[in-house]
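Participant: Here you go, one structure.
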Amino acid sequence: MSSTLLEVTRAAHEDVERLERLVVKELQREPANNRERLFQNHRVRHMIDLIRITSDKLVEIYEDKDNARRDEIAALGAGGPNNCFPAFYDRLKEIRDYHRRHPAARVVDANEEFEELLKEEPQIEFSGEEAFGRYLDVHELYNKYINSKFGEPMEYSVFLETFSQTHKIPRNLKLTRQYREYLEHVLEYLISFLERTQPLQDLGRIFTKVEAEFEEQWADGKVLGWENKGTENGHVSSQESVIDLDYYSTVEELMEVGPEKLKEALAACGLKTGGTLQQRAERLFLTKHTPVEQLDRKHFAKGSRGLEQNGVAEETNSKKEIALVEAKMQRLCELLKETIIQTKENVIKKQALTYEEMEAERGEEEIQADTESDDEEQQIYNPLKLPMGWDGKPIPYWLYKLHGLGQEFKCEICGNYSYWGRRAFERHFKEWRHQHGMRCLNIPNTKNFNEITSIQEAKDLWEKIQERQGLIKWRPDLEEEYEDREGNIYNRRTYTDLQRQGLI
């Protein structure tokens with residue numbers, strides 16, 4: 001049985017409302033772990049897409065380009081207000097005839113159908129290096145970078161930190177097809193990773209905002225890495241060359257750069273690249289104080305000016321497109337800043353592991369990822385509140401009694417911290433917490449203060465120790481010996497008194 005257009009409209013509105021309720025219901029549920037949170041976001045994203053598709057169908061119905069909706073509404077009231085019942089009974093008869101011919105037809109519960117959306121597990125593909133969205137996997141991009149003309153040899157961990165800093169790459173190297181393809185691959189990967197790990201992000205709105213800000217900065221010449229530096233009509237200034245001439249004050253200093261670098265810099269400026277080393281340096285040094293477009297034609301290579309003038313518009317558009325892709329990539333890197341930092345830390349940690357250790361860690365991560373949700377859902381039965389062992393389960397009760405873990409020892413010096421069991425209590429006197437407390441009291445943490453947990457007792461004992469040390473302390477006025485000319489031995493006090501009296 002074909003539904004009427006009005007019934008289709010009503011059902012579409014009902015589906016939208018039901019999906020909105022399911023979205024709210026799903027977001028009110030707190031996920032158990034990161035994997036479940038990722039699944040939840042993808043389910044919500046799928047329901048939002050269904051709402052958008054259904055809403056687009058409703059818009060088409062209300063636009064009524066074929067006048068079908070208008071004709072159906074007109075047919076409902078064709079007989080006027082007094083003769084509307086015949087149309088109603090005709091439609092009722094049509095429905096009854098349909099169910100008489102198809103007795104197996106049943107009304108499907110739409111609620112059950114939509115509730116299934118909350119139970120499905122989305123299929124999300126991650127590489128082994130990405131660890132289910134925790135880290136980035138840019139090894140392919142890293143290999144392209146270090147093997148390109150615009151790149152340089154570096155460690156993978158350094159590349160993770162610097163691949164978004166495109167303003168450090170010379171501008172003339174950015175205008176190559178190789179760099180454009182590399183940049184597009186980076187942006188494509190970041191978009192794919194963000195869609196898989198943060199499906200609720202509205203990338204369309206983000207890129208619209210980036211493009212609006214980029215247009216303003218491009219008009220003002222303030223785009224990072226593409227600032228206007230004395231260039232006109234598409235000519236390349238000395239600052240855009242491979243060599244920064246601000247660091248050189250004479251031609252002799254510029255000659256130390258070498259012939260290959262000078263040739264590359266001259267080619268970037270459109271100048272002749274031949275001649276001796278000194279001629280190349282002199283030709284390039286002219287661009288330090290004179291704009292390239294004001295130089296004599298004899299310094300330029302054949303056809304360089306004509307080609308440059310004909311391709312000004314194309315070069316400007318190419319620069320703008322590349323700069324826009326860079327702006328989008330940098331915005332995505334800001335959104336993935338925490339993930340990039342975690343990826344770098346993970347790479348540095350793996351560099352200190354052997355192959356066997358890395359394989360063992362990868363296996364543990366896979367097992368942990370598979371059993372994470374099940375372990376958190378299961379509640380361990382522990383009515384006696386026993387401490388957990390190395391396997392995450394309560395220790396046996398006999399072991400608990402053997403070590404006296406039911407006895408509580410409080411230490412005032414440690415800030416009334418509680419230690420359970422005699423062993424832990426005796427061991428804490430050498431740990432940092434107790435040592436810090438004794439240091440705050442200006443008392444040395446020696447064996448004399450073992451078993452002392454009260455601040456007052458520790459102070460009293462320290463005073464007694466200081467007094468005892470005073471009795472056995474060496475006193476130079478009584479114990480220091482002096483000898484006169486006759487060989488008589490006196491202590492310091494007696495010798496000084498006799499000397500004052502003139503008897504010695």
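Labels for the structure tokens follow display order: chains A, B, ..., residues from 1 in each chain, ligands from 1.
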Could you name the residues that touch region 182-197 of chain A at 9 Å or less, counting only C-alpha atoms, but leaving out those on the same chain fewer than 6 positions away, as a tab-separated table (two decimals) with C-alpha atoms, in the first residue's frame?

Facilitator:
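Heads up, here's the output in out37.tsv:
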chain	number	residue	atom	x	y	z
A	38	LEU	CA	34.24	6.67	20.71
A	41	ASN	CA	30.09	9.55	19.44
A	42	HIS	CA	29.86	7.59	16.18
A	124	ILE	CA	35.99	2.08	12.80
A	125	GLU	CA	39.28	1.22	11.11
A	126	PHE	CA	42.58	2.19	12.77
A	132	PHE	CA	42.46	2.90	18.30
A	133	GLY	CA	42.78	6.66	17.94
A	134	ARG	CA	45.28	7.38	20.69
A	136	LEU	CA	48.88	9.50	14.89
A	138	VAL	CA	52.29	9.68	9.80
A	141	LEU	CA	54.17	11.42	5.26
A	144	LYS	CA	57.85	11.78	1.78
A	145	TYR	CA	59.12	14.78	3.73
A	203	LEU	CA	34.62	20.33	9.97
A	322	ILE	CA	48.82	26.54	-1.00
A	325	VAL	CA	45.72	24.46	2.63
A	326	GLU	CA	48.47	25.28	5.12
A	328	LYS	CA	43.53	24.43	7.29
A	329	MET	CA	46.25	21.94	8.21
A	332	LEU	CA	43.53	20.74	12.48
A	333	CYS	CA	46.90	20.39	14.21
A	335	LEU	CA	42.60	20.53	17.44
A	336	LEU	CA	44.86	17.46	17.62

Participant: Using DSSP on the backbone coordinates, identify all residues within region 267-467 of chain A classified as strand (DSSP E); present the result as a count of residues only.

Facilitator: 8

Participant: Please provide as a list in words all residues within 8 Å of region 205-216 of chain A, with the sequence filter that same-chain residues fewer than 2 positions apart are discarded (counting only C-alpha atoms).

Facilitator: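 Counting only the stated atoms, we get Asp202, Leu203, Trp218, Ala219, Asp220, Val223, Leu324, Ala327, Lys328 and Arg331 of chain A.
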
Participant: Just want the 12 Å neighbourhood of Trp432 (chain A), counted on only C-alpha atoms, with same-chain residues fewer than 4 positions away dropped. Output as a ChimeraX atom specification.

Facilitator: /A:413-414,427-428,436-439,445

Participant: Can you list every residue in region 379-442 of chain A that DSSP puts in helix (DSSP H, G or I), as a PyMOL selection string?

Facilitator: chain A and resi 397-402+422-430+432-440

Participant: Here is a test: counting only C-alpha atoms, which residue of A:Gln178, A:Ile53, A:Thr4, A:Leu58 is nearest to Glu72 (chain A)?

Facilitator: A:Thr4

Participant: Excluding Val257 (chain A) and its own-chain neighbours fewer than 6 positions away, which residues fall within 10 Å of it when counting only C-alpha atoms? Please give them as a ChimeraX atom specification.

Facilitator: /A:243,277,281

Participant: I'd like the neighbourhood of Glu26 (chain A) as an MDAnalysis selection string, where a residue qualifies if any of its atoms comes within 8 Å (using only C-alpha atoms), though same-chain residues fewer than 3 positions away should be ignored.

Facilitator: chainID A and resid 22:23 29 40 44 118
